[in-house]
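Visitor: Structure supplied as work_39.txt; contents: compact mmCIF, C-alpha atoms and all ligand atoms.
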# COMPACT_ATOMS: atom_id res chain seq x y z
CA MET A 1 25.19 17.04 2.15
CA ALA A 2 23.03 16.00 5.12
CA ARG A 3 20.66 13.10 4.41
CA SER A 4 17.03 14.06 4.48
CA PHE A 5 14.13 12.18 5.99
CA ALA A 6 12.79 11.39 2.53
CA SER A 7 15.86 9.91 0.85
CA LEU A 8 17.02 6.39 1.52
CA HIS A 9 19.96 5.42 -0.59
CA LYS A 10 23.55 6.63 -0.55
CA SER A 11 24.17 9.93 -2.31
CA PRO A 12 25.07 9.50 -6.00
CA PRO A 13 28.61 10.14 -7.23
CA ALA A 14 29.24 13.85 -7.89
CA GLY A 15 27.97 14.93 -11.29
CA LYS A 16 25.61 12.01 -11.91
CA SER A 17 22.01 12.57 -10.93
CA PRO A 18 20.25 9.49 -9.55
CA THR A 19 17.37 7.59 -11.10
CA ALA A 20 14.71 8.25 -8.47
CA ILE A 21 12.30 5.54 -7.38
CA VAL A 22 9.49 7.28 -5.53
CA MET A 23 7.83 4.84 -3.14
CA MET A 24 4.28 6.13 -2.71
CA ASN A 25 2.14 5.08 0.22
CA MET A 26 -0.26 6.52 2.79
CA GLY A 27 2.11 6.35 5.77
CA GLY A 28 1.11 6.04 9.40
CA PRO A 29 1.91 7.91 12.62
CA ALA A 30 5.43 6.87 13.68
CA THR A 31 4.61 7.94 17.25
CA VAL A 32 1.29 8.13 19.12
CA PRO A 33 1.21 11.97 19.33
CA GLU A 34 1.36 12.15 15.51
CA THR A 35 -2.00 10.36 15.24
CA GLU A 36 -4.21 13.45 15.12
CA GLU A 37 -2.15 15.09 12.35
CA PHE A 38 -2.25 11.79 10.38
CA LEU A 39 -6.04 11.61 10.71
CA LYS A 40 -6.46 15.31 9.87
CA ASN A 41 -4.46 14.88 6.65
CA LEU A 42 -6.39 11.70 5.83
CA PHE A 43 -9.82 13.30 6.36
CA SER A 44 -8.65 16.34 4.33
CA ASP A 45 -7.91 14.18 1.27
CA ARG A 46 -10.69 14.85 -1.26
CA ASP A 47 -9.44 11.97 -3.43
CA LEU A 48 -10.09 9.55 -0.54
CA ILE A 49 -13.11 10.99 1.27
CA PRO A 50 -14.87 13.88 -0.44
CA ILE A 51 -16.99 15.55 2.24
CA PRO A 52 -18.79 18.89 2.23
CA PHE A 53 -17.02 21.76 4.05
CA GLN A 54 -13.91 19.52 4.12
CA ARG A 55 -11.48 22.16 5.38
CA PHE A 56 -13.76 22.82 8.32
CA LEU A 57 -14.95 19.25 9.02
CA ALA A 58 -11.68 17.31 8.57
CA PRO A 59 -10.02 18.60 11.78
CA ILE A 60 -13.24 17.97 13.73
CA LEU A 61 -13.58 14.39 12.46
CA ALA A 62 -9.89 13.79 13.15
CA ARG A 63 -10.08 15.13 16.70
CA ARG A 64 -13.15 13.00 17.44
CA ARG A 65 -11.48 9.82 16.19
CA THR A 66 -8.03 10.47 17.70
CA PRO A 67 -8.46 8.91 21.19
CA GLN A 68 -9.65 5.55 19.78
CA ILE A 69 -6.90 5.37 17.16
CA GLU A 70 -4.21 6.61 19.57
CA LYS A 71 -5.10 3.73 21.85
CA GLN A 72 -4.66 1.30 18.97
CA TYR A 73 -1.21 2.69 18.10
CA THR A 74 -0.29 2.56 21.80
CA ASP A 75 -1.38 -1.08 21.96
CA ILE A 76 0.77 -2.06 18.95
CA GLY A 77 3.91 -0.63 20.55
CA GLY A 78 3.67 3.14 20.12
CA GLY A 79 3.28 3.85 16.41
CA SER A 80 3.12 2.62 12.84
CA PRO A 81 6.23 0.75 11.59
CA ILE A 82 5.55 1.66 7.95
CA LEU A 83 8.36 4.22 7.57
CA ARG A 84 10.92 1.85 9.07
CA TYR A 85 9.90 -0.99 6.74
CA THR A 86 9.64 1.25 3.68
CA LYS A 87 13.21 2.46 4.30
CA ILE A 88 14.49 -1.10 4.56
CA GLN A 89 12.59 -2.15 1.44
CA GLY A 90 13.71 0.93 -0.51
CA GLU A 91 17.38 0.63 0.42
CA GLY A 92 17.43 -3.07 -0.43
CA MET A 93 15.66 -2.47 -3.73
CA ALA A 94 17.97 0.37 -4.82
CA LYS A 95 21.07 -1.68 -4.06
CA LEU A 96 19.79 -4.61 -6.13
CA LEU A 97 18.77 -2.30 -8.96
CA ASP A 98 22.32 -0.98 -9.33
CA GLU A 99 23.30 -4.58 -10.19
CA LEU A 100 20.21 -5.55 -12.19
CA HIS A 101 20.10 -2.40 -14.33
CA PRO A 102 23.51 -0.66 -14.22
CA GLU A 103 22.62 1.49 -17.25
CA THR A 104 20.41 3.69 -15.05
CA ALA A 105 22.57 3.56 -11.88
CA PRO A 106 22.82 5.05 -9.37
CA HIS A 107 19.27 4.36 -8.18
CA LYS A 108 17.94 6.17 -5.19
CA ALA A 109 14.73 5.34 -3.31
CA TYR A 110 12.59 8.19 -1.97
CA VAL A 111 9.56 7.84 0.28
CA ALA A 112 6.48 9.94 -0.52
CA PHE A 113 3.76 9.50 2.08
CA ARG A 114 0.31 10.99 1.73
CA TYR A 115 -0.62 11.68 5.36
CA VAL A 116 2.59 11.80 7.46
CA ARG A 117 6.21 12.82 6.96
CA PRO A 118 7.96 12.46 4.64
CA LEU A 119 5.06 14.04 2.76
CA THR A 120 5.23 14.28 -1.05
CA GLU A 121 6.08 18.00 -0.89
CA GLU A 122 9.16 17.32 1.26
CA THR A 123 10.23 14.48 -1.01
CA ALA A 124 9.80 16.74 -4.05
CA ARG A 125 12.14 19.33 -2.51
CA GLN A 126 14.75 16.65 -1.80
CA MET A 127 14.58 15.33 -5.36
CA LYS A 128 15.05 18.85 -6.68
CA ALA A 129 18.06 19.36 -4.41
CA ASP A 130 19.52 16.08 -5.69
CA GLY A 131 19.13 17.27 -9.29
CA VAL A 132 16.86 14.37 -10.28
CA LYS A 133 16.13 14.21 -14.02
CA ARG A 134 14.58 10.73 -14.29
CA ALA A 135 11.94 9.48 -11.84
CA ILE A 136 9.65 6.49 -11.44
CA ALA A 137 6.46 6.83 -9.42
CA PHE A 138 6.28 3.37 -7.83
CA THR A 139 3.11 2.64 -5.87
CA GLN A 140 3.59 0.51 -2.79
CA TYR A 141 -0.04 -0.64 -2.94
CA PRO A 142 0.08 -3.89 -4.97
CA GLN A 143 -3.50 -3.42 -6.25
CA TYR A 144 -4.79 -0.19 -7.78
CA SER A 145 -7.52 1.91 -6.18
CA CYS A 146 -8.33 5.53 -6.91
CA SER A 147 -8.49 6.05 -3.14
CA THR A 148 -4.91 4.86 -2.56
CA THR A 149 -2.55 4.87 -5.58
CA GLY A 150 -4.84 7.35 -7.36
CA SER A 151 -4.65 9.77 -4.45
CA SER A 152 -0.84 9.50 -4.25
CA LEU A 153 -0.48 10.08 -8.01
CA ASN A 154 -2.78 13.12 -7.85
CA GLU A 155 -0.58 14.62 -5.14
CA LEU A 156 2.63 13.82 -7.05
CA PHE A 157 1.07 15.40 -10.17
CA ARG A 158 0.20 18.58 -8.23
CA ARG A 159 3.79 18.87 -6.96
CA GLY A 160 5.45 17.83 -10.21
CA SER A 161 3.38 20.09 -12.47
CA ALA A 162 4.08 23.04 -10.15
CA GLY A 163 7.82 22.52 -10.71
CA ASP A 164 8.47 21.46 -7.10
CA VAL A 165 10.53 18.43 -8.25
CA GLY A 166 12.53 20.52 -10.73
CA GLN A 167 12.25 21.33 -14.44
CA ASN A 168 12.16 18.73 -17.24
CA VAL A 169 12.05 15.66 -15.02
CA GLU A 170 11.24 12.56 -17.09
CA TRP A 171 8.54 10.55 -15.28
CA SER A 172 7.16 7.04 -15.69
CA VAL A 173 4.75 5.09 -13.49
CA ILE A 174 4.48 1.62 -11.94
CA ASP A 175 0.83 1.71 -10.98
CA ARG A 176 0.01 -1.92 -9.99
CA TRP A 177 1.76 -5.24 -9.56
CA GLY A 178 -0.67 -7.45 -7.62
CA THR A 179 0.07 -10.59 -9.62
CA HIS A 180 3.84 -10.20 -9.99
CA PRO A 181 5.38 -13.67 -9.41
CA GLY A 182 7.87 -12.33 -6.82
CA PHE A 183 5.11 -10.72 -4.76
CA ILE A 184 2.98 -13.86 -5.03
CA GLU A 185 5.96 -16.01 -4.02
CA ALA A 186 6.70 -13.85 -0.95
CA VAL A 187 3.07 -13.98 0.25
CA SER A 188 2.88 -17.73 -0.43
CA GLN A 189 6.03 -18.44 1.59
CA ASN A 190 4.55 -16.55 4.55
CA ILE A 191 1.33 -18.57 4.27
CA GLU A 192 3.31 -21.81 4.20
CA ALA A 193 5.15 -20.72 7.36
CA ALA A 194 1.82 -20.04 9.10
CA LEU A 195 0.38 -23.36 7.92
CA SER A 196 3.38 -25.19 9.37
CA LYS A 197 2.23 -24.11 12.84
CA PHE A 198 -0.70 -26.53 12.58
CA SER A 199 -0.25 -30.24 13.17
CA ALA A 200 0.48 -32.16 9.96
CA SER A 201 -2.80 -34.07 10.23
CA ASP A 202 -4.90 -30.87 10.46
CA ARG A 203 -3.02 -28.81 7.90
CA LYS A 204 -5.02 -29.53 4.76
CA ASP A 205 -8.32 -28.54 6.47
CA VAL A 206 -7.07 -25.10 7.51
CA VAL A 207 -9.10 -22.29 5.91
CA LEU A 208 -7.00 -19.52 4.34
CA LEU A 209 -8.86 -16.30 5.10
CA PHE A 210 -7.42 -13.54 2.92
CA SER A 211 -8.24 -10.15 4.41
CA ALA A 212 -7.95 -6.76 2.66
CA HIS A 213 -8.95 -3.22 3.66
CA SER A 214 -12.55 -2.74 2.56
CA LEU A 215 -13.79 -0.04 0.17
CA PRO A 216 -16.99 2.03 0.37
CA MET A 217 -19.61 0.69 -2.07
CA SER A 218 -19.82 4.19 -3.56
CA VAL A 219 -16.20 3.73 -4.72
CA VAL A 220 -16.75 0.13 -5.87
CA ASN A 221 -19.85 1.20 -7.81
CA ARG A 222 -18.07 3.92 -9.76
CA GLY A 223 -15.89 1.20 -11.27
CA ASP A 224 -12.81 1.17 -9.02
CA PRO A 225 -10.58 -1.80 -10.01
CA TYR A 226 -9.35 -2.60 -6.46
CA ILE A 227 -11.78 -5.44 -5.67
CA LEU A 228 -10.97 -7.16 -8.97
CA GLU A 229 -7.22 -6.73 -8.51
CA VAL A 230 -7.18 -8.00 -4.91
CA SER A 231 -9.19 -11.01 -6.12
CA ALA A 232 -6.58 -11.58 -8.85
CA SER A 233 -3.79 -11.56 -6.23
CA VAL A 234 -5.66 -14.15 -4.15
CA SER A 235 -6.21 -16.31 -7.20
CA ALA A 236 -2.52 -16.16 -8.14
CA VAL A 237 -1.47 -17.10 -4.58
CA MET A 238 -3.85 -20.05 -4.59
CA ASP A 239 -2.46 -21.21 -7.94
CA ARG A 240 1.08 -20.97 -6.55
CA LEU A 241 0.01 -23.01 -3.49
CA GLY A 242 -1.52 -25.64 -5.77
CA HIS A 243 -4.92 -25.02 -4.15
CA SER A 244 -3.69 -26.88 -1.10
CA ASN A 245 -6.42 -25.43 1.15
CA PRO A 246 -9.94 -24.00 1.02
CA TYR A 247 -9.99 -20.18 1.03
CA ARG A 248 -12.11 -17.03 1.06
CA LEU A 249 -11.42 -13.32 0.50
CA VAL A 250 -13.02 -11.02 3.10
CA TRP A 251 -12.78 -7.30 3.92
CA GLN A 252 -11.78 -5.39 7.04
CA SER A 253 -11.47 -1.93 8.61
CA GLN A 254 -14.56 -0.20 7.30
CA VAL A 255 -15.03 3.27 8.79
CA GLY A 256 -18.29 5.18 9.34
CA PRO A 257 -21.94 4.33 8.71
CA SER A 258 -22.04 4.03 4.88
CA ALA A 259 -22.12 0.68 3.01
CA TRP A 260 -18.71 -0.97 2.46
CA MET A 261 -17.57 -4.06 0.58
CA GLY A 262 -18.21 -7.27 2.55
CA MET A 263 -18.16 -9.87 3.96
CA GLN A 264 -16.39 -8.35 6.95
CA THR A 265 -13.46 -10.31 8.37
CA GLY A 266 -14.88 -10.45 11.93
CA GLU A 267 -18.24 -11.73 10.69
CA ALA A 268 -16.52 -14.32 8.52
CA LEU A 269 -14.64 -15.71 11.53
CA LYS A 270 -17.90 -16.04 13.45
CA GLY A 271 -19.53 -17.74 10.47
CA LEU A 272 -16.67 -20.17 10.01
CA ALA A 273 -16.84 -21.13 13.71
CA ARG A 274 -20.62 -21.65 13.44
CA LEU A 275 -20.07 -23.97 10.49
CA GLY A 276 -17.40 -25.96 12.34
CA ASN A 277 -14.31 -24.58 10.54
CA LYS A 278 -12.06 -24.18 13.55
CA LYS A 279 -8.64 -23.78 11.93
CA VAL A 280 -7.77 -20.57 10.14
CA VAL A 281 -4.77 -18.71 8.72
CA LEU A 282 -5.42 -14.97 8.34
CA VAL A 283 -3.61 -13.53 5.31
CA PRO A 284 -3.13 -9.77 4.79
CA ILE A 285 -3.01 -9.36 1.00
CA ALA A 286 -3.34 -5.64 0.16
CA PHE A 287 -0.58 -4.01 2.20
CA THR A 288 3.11 -4.77 2.25
CA SER A 289 4.12 -3.98 5.81
CA ASP A 290 2.60 -4.22 9.25
CA HIS A 291 0.15 -1.52 10.32
CA ILE A 292 -2.77 -1.20 12.74
CA GLU A 293 -4.90 -3.47 10.63
CA THR A 294 -2.50 -6.40 11.01
CA LEU A 295 -1.02 -5.66 14.43
CA TYR A 296 -4.21 -4.42 16.10
CA GLU A 297 -7.27 -5.61 14.19
CA LEU A 298 -6.03 -9.01 13.04
CA ASP A 299 -3.61 -9.89 15.86
CA LEU A 300 -5.39 -8.41 18.85
CA GLU A 301 -9.10 -8.00 18.01
CA TYR A 302 -9.88 -10.83 15.60
CA ALA A 303 -7.38 -13.38 16.86
CA GLU A 304 -8.72 -12.85 20.39
CA GLU A 305 -12.30 -13.19 19.18
CA ALA A 306 -11.39 -16.29 17.19
CA ARG A 307 -9.89 -17.94 20.25
CA HIS A 308 -13.14 -17.26 22.15
CA LEU A 309 -14.96 -18.98 19.31
CA GLY A 310 -12.68 -21.99 19.71
CA ILE A 311 -10.80 -21.34 16.47
CA GLU A 312 -7.07 -22.04 16.24
CA VAL A 313 -5.82 -19.07 14.26
CA HIS A 314 -2.41 -18.02 12.98
CA ARG A 315 -1.60 -14.99 10.86
CA ALA A 316 0.66 -15.06 7.82
CA ALA A 317 3.42 -12.52 8.47
CA SER A 318 3.38 -9.23 6.57
CA LEU A 319 6.10 -8.82 3.94
CA ASN A 320 8.10 -6.29 5.99
CA GLU A 321 11.79 -7.29 5.59
CA SER A 322 11.19 -10.37 3.41
CA PRO A 323 14.21 -10.69 1.07
CA VAL A 324 11.98 -12.42 -1.49
CA PHE A 325 9.72 -9.39 -1.48
CA ILE A 326 12.60 -6.88 -1.67
CA ARG A 327 13.94 -8.82 -4.65
CA ALA A 328 10.43 -8.64 -6.19
CA LEU A 329 10.40 -4.83 -5.81
CA ALA A 330 13.77 -4.67 -7.60
CA ASP A 331 12.61 -7.07 -10.35
CA ILE A 332 9.42 -5.06 -10.97
CA THR A 333 11.43 -1.85 -11.30
CA ALA A 334 14.21 -3.39 -13.42
CA GLN A 335 11.65 -4.80 -15.85
CA HIS A 336 9.95 -1.41 -16.00
CA LEU A 337 13.28 0.27 -16.81
CA ARG A 338 14.03 -2.32 -19.51
CA ASP A 339 10.57 -1.92 -21.06
CA TYR A 340 10.93 1.85 -20.92
CA SER A 341 14.27 1.80 -22.75
CA ALA A 342 12.69 -0.52 -25.32
CA GLY A 343 10.07 2.16 -25.99
CA SER A 344 7.08 0.96 -23.94
CA GLY A 345 6.20 4.51 -22.88
CA PRO A 346 5.82 6.00 -19.41
CA VAL A 347 2.58 4.28 -18.29
CA SER A 348 0.79 0.94 -18.61
CA THR A 349 -2.12 0.34 -20.96
CA GLN A 350 -4.49 0.05 -18.00
CA PHE A 351 -3.24 3.27 -16.42
CA GLY A 352 -5.04 5.60 -18.83
CA LEU A 353 -8.52 4.23 -18.22
CA ARG A 354 -10.37 6.23 -15.58
CA CYS A 355 -13.15 4.65 -13.52
CA PRO A 356 -16.27 5.00 -15.68
CA GLY A 357 -17.99 6.83 -12.82
CA CYS A 358 -15.04 9.15 -12.00
CA THR A 359 -15.95 12.85 -11.80
CA ASN A 360 -12.67 14.01 -10.22
CA ILE A 361 -11.06 16.44 -12.71
CA THR A 362 -7.60 15.99 -11.17
CA CYS A 363 -7.63 12.26 -12.06
CA GLY A 364 -7.96 13.14 -15.75
CA GLN A 365 -5.27 15.83 -15.65
CA GLN A 366 -2.94 13.56 -13.68
CA LYS A 367 -3.25 10.68 -16.13
CA THR A 368 -2.60 12.93 -19.13
CA TRP A 369 0.42 14.47 -17.41
CA PHE A 370 2.05 11.13 -16.52
CA ALA A 371 1.19 9.62 -19.94
CA ARG A 372 3.26 12.46 -21.46
CA GLY A 373 6.16 11.55 -19.15
CA GLY A 374 5.45 14.41 -16.74
CA ARG A 375 4.87 17.18 -19.27
C1 LIG B 401 -5.13 -0.97 0.29
C2 LIG B 401 -5.47 -0.46 1.34
C3 LIG B 401 -6.44 0.59 1.68
C4 LIG B 401 -7.58 1.07 1.02
C5 LIG B 401 -8.17 0.62 -0.29
C6 LIG B 401 -8.13 2.10 1.85
C7 LIG B 401 -9.27 2.84 1.56
C8 LIG B 401 -9.88 3.68 2.45
N1 LIG B 401 -9.53 3.95 3.76
C9 LIG B 401 -10.40 4.85 4.31
C10 LIG B 401 -10.35 5.39 5.62
C11 LIG B 401 -9.34 5.16 6.57
N2 LIG B 401 -8.25 4.34 6.43
C12 LIG B 401 -7.49 4.42 7.56
C13 LIG B 401 -6.33 3.74 7.83
C14 LIG B 401 -5.71 2.87 6.96
N3 LIG B 401 -6.10 2.56 5.67
C15 LIG B 401 -5.24 1.65 5.12
C16 LIG B 401 -5.29 1.10 3.85
C17 LIG B 401 -6.31 1.32 2.89
N4 LIG B 401 -7.32 2.23 2.96
C18 LIG B 401 -4.23 1.38 6.11
C19 LIG B 401 -3.08 0.46 5.91
C20 LIG B 401 -4.52 2.13 7.24
C21 LIG B 401 -3.73 2.13 8.56
C22 LIG B 401 -2.45 2.89 8.52
C23 LIG B 401 -1.51 2.47 9.65
O1 LIG B 401 -0.46 3.09 9.83
O2 LIG B 401 -1.72 1.57 10.40
C24 LIG B 401 -8.06 5.33 8.47
C25 LIG B 401 -7.44 5.76 9.79
C26 LIG B 401 -7.62 4.78 10.87
C27 LIG B 401 -9.05 4.80 11.34
O3 LIG B 401 -9.54 5.89 11.63
O4 LIG B 401 -9.67 3.74 11.33
C28 LIG B 401 -9.25 5.80 7.87
C29 LIG B 401 -10.22 6.80 8.43
C30 LIG B 401 -11.36 5.16 3.30
C31 LIG B 401 -12.51 6.13 3.51
C32 LIG B 401 -11.04 4.44 2.15
C33 LIG B 401 -11.66 4.42 0.80
C34 LIG B 401 -12.30 5.40 0.25
FE FE B 402 -7.97 3.09 4.83
FE FE B 403 -10.80 9.11 -10.24
Give the structure from the file, written as structure tokens.
Guide:
Amino acid sequence: MARSFASLHKSPPAGKSPTAIVMMNMGGPATVPETEEFLKNLFSDRDLIPIPFQRFLAPILARRRTPQIEKQYTDIGGGSPILRYTKIQGEGMAKLLDELHPETAPHKAYVAFRYVRPLTEETARQMKADGVKRAIAFTQYPQYSCSTTGSSLNELFRRGSAGDVGQNVEWSVIDRWGTHPGFIEAVSQNIEAALSKFSASDRKDVVLLFSAHSLPMSVVNRGDPYILEVSASVSAVMDRLGHSNPYRLVWQSQVGPSAWMGMQTGEALKGLARLGNKKVVLVPIAFTSDHIETLYELDLEYAEEARHLGIEVHRAASLNESPVFIRALADITAQHLRDYSAGSGPVSTQFGLRCPGCTNITCGQQKTWFARGGR
């Protein structure tokens, strides 16, 4: 059988259906001409940005924003590398899982992107064709937000409950893992590598500036756990580093005129320079591979600005092909499979609790559906 875009691992032996690990993420345009479609799908997502007359307005907003974002993808080399890295991570993880948890082998990683191919609907069709009977929805966002993992789960629920993945598929969910020791170790090693670029005498004064995608205050104020969970990741990394350096967590990439979580990363750099802190490591903490926010905003915009301000700045590498990180993905999944066979149930305790201010009916239906193992 020809390999599809969505599937990553070798085909399972005849007769044995694979344990599917569905790697959920937003995706990014692999080539510059795919930018408008990516933005149109993003602005059409009611779970991310609910806007009036969405069907009508989304294509208009996308078209208006396309030239600016196309330029950014051009400047980072012609597209988002997220699919390439997700494939590498998924293949590595599935291979390790066959050794770590042979009871559920063969394992097969599938990519389900929200805004570009392979979209969830295409992945669902591939899983059905493969005869999948057991599937794990594995978010690739370490920290939970309704606008990211929540949106991906809502889409998977729509496809799964419509029978697009097949009948009687047994589902469970890995919904967050922002303090997993393997993830924390991988981030910490990349910070240590960036710190080593400073002279030994300066190193302990370097400020670690953790930067995560911001969130509209309207989302924060309805009780979204993302800010708390990103903070927990930062705290765990600092513990692992033995609090070797001073640090702050700041927020980047806000879009549009509404209020977003601050302080903004660019403003923080200016403030640090004003206060005489002229050595900085920028640390992406809420995304696991490179994207325009690391390659364009951090590396081109902010690093350039920092140099003008007289700051020596280095960026901690994204996790990308890190073997420590790929091992962490496999460990998280293997532990989940072990807990599941020991009777832990399909979802975590935290999974069932909706944001206190959530009014999105799909979120409630989705959580009930996954808590029943996809029934
Ligand atoms: C954990 C990460 C992210 C959260 C939380 C998040 C929330 C969020 N984003 C928007 C609007 C946009 N995001 C855009 C791009 C984009 N967003 C993230 C991550 C998170 N977003 C990434 C990694 C990317 C880049 C993808 C890439 O391939 O490089 C965009 C498109 C780009 C742009 O127009 O600036 C928009 C728009 C909202 C409204 C939101 C929370 C509600
Ligand atoms: Fe975003
Ligand atoms: Fe919700």
Visitor: Report as a ChimeraX atom specification which protein, DNA and RNA residues come within 10 Å of ligand FE 403 (chain B), using all atoms listed in the file.
Guide: /A:47-48,145-147,150-151,154,219,222-224,353-364,366-367
Visitor: For Gly310 in chain A, which of A:Ser231, A:Asn277, A:Asn168, A:Thr149 is the closest residue, counting only C-alpha atoms?
Guide: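 Checking each of A:Ser231, A:Asn277, A:Asn168, A:Thr149 against Gly310 in chain A, counting only C-alpha atoms, the winner is A:Asn277.
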Visitor: If we count only C-alpha atoms, what is near range 256-269 of chain A at a cut-off of 10 Å, once residues fewer than 4 positions away on the same chain are taken out, given as JSON, numbers by chain?
Guide: {"A": [209, 210, 211, 212, 213, 214, 215, 216, 217, 218, 219, 220, 227, 248, 249, 250, 251, 252, 273, 274, 275, 277, 278, 280, 282, 297, 298, 301, 302, 303, 305, 306, 309, 311, 313]}
Visitor: May I ask for the distance between CA of His180 in chain A and CA of Met23 in chain A, given in Å to one decimal place?
Guide: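 Interatomic distance here is 17.0 Å.
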Visitor: Using all atoms listed in the file, which protein or nucleic acid residues come within 8 Å of Gly352 in chain A? Drop anything in the same chain fewer than 3 positions from it, and give the result as a list in words.
Guide: Val347, Ser348, Thr349, Lys367, Thr368 and Ala371 of chain A
Visitor: Could you save the residues just selected, with C-alpha atoms, as a PDB file, in the coordinates of the input?
Guide:
ATOM      1  CA  VAL A 347       2.580   4.280 -18.290  1.00  0.00           C
ATOM      2  CA  SER A 348       0.790   0.940 -18.610  1.00  0.00           C
ATOM      3  CA  THR A 349      -2.120   0.340 -20.960  1.00  0.00           C
ATOM      4  CA  LYS A 367      -3.250  10.680 -16.130  1.00  0.00           C
ATOM      5  CA  THR A 368      -2.600  12.930 -19.130  1.00  0.00           C
ATOM      6  CA  ALA A 371       1.190   9.620 -19.940  1.00  0.00           C
TER       7      ALA A 371
END
Visitor: Can you rebuild range 44-58 of chain A with N, CA and C atoms and give it as a compact mmCIF listing (two decimals), in the frame of the given file?
Guide:
# COMPACT_ATOMS: atom_id res chain seq x y z
N SER A 44 -8.69 15.17 5.23
CA SER A 44 -8.65 16.34 4.33
C SER A 44 -8.46 15.93 2.87
N ASP A 45 -8.23 14.64 2.62
CA ASP A 45 -7.91 14.18 1.27
C ASP A 45 -9.20 13.98 0.46
N ARG A 46 -9.47 14.91 -0.44
CA ARG A 46 -10.69 14.85 -1.26
C ARG A 46 -10.68 13.65 -2.20
N ASP A 47 -9.50 13.14 -2.55
CA ASP A 47 -9.44 11.97 -3.43
C ASP A 47 -9.83 10.70 -2.68
N LEU A 48 -9.74 10.73 -1.35
CA LEU A 48 -10.09 9.55 -0.54
C LEU A 48 -11.51 9.67 0.00
N ILE A 49 -11.79 10.79 0.66
CA ILE A 49 -13.11 10.99 1.27
C ILE A 49 -13.59 12.39 0.91
N PRO A 50 -14.35 12.53 -0.16
CA PRO A 50 -14.87 13.88 -0.44
C PRO A 50 -16.05 14.17 0.48
N ILE A 51 -15.89 15.18 1.34
CA ILE A 51 -16.99 15.55 2.24
C ILE A 51 -17.26 17.05 2.10
N PRO A 52 -18.51 17.46 2.31
CA PRO A 52 -18.79 18.89 2.23
C PRO A 52 -18.06 19.64 3.34
N PHE A 53 -17.72 20.89 3.07
CA PHE A 53 -17.02 21.76 4.05
C PHE A 53 -15.78 21.04 4.62
N GLN A 54 -15.01 20.41 3.70
CA GLN A 54 -13.91 19.52 4.12
C GLN A 54 -12.87 20.21 5.01
N ARG A 55 -12.50 21.43 4.61
CA ARG A 55 -11.48 22.16 5.38
C ARG A 55 -11.91 22.35 6.83
N PHE A 56 -13.21 22.56 7.00
CA PHE A 56 -13.76 22.82 8.32
C PHE A 56 -14.00 21.50 9.08
N LEU A 57 -14.55 20.50 8.34
CA LEU A 57 -14.95 19.25 9.02
C LEU A 57 -13.79 18.30 9.30
N ALA A 58 -12.77 18.29 8.42
CA ALA A 58 -11.68 17.31 8.57
C ALA A 58 -11.02 17.37 9.96
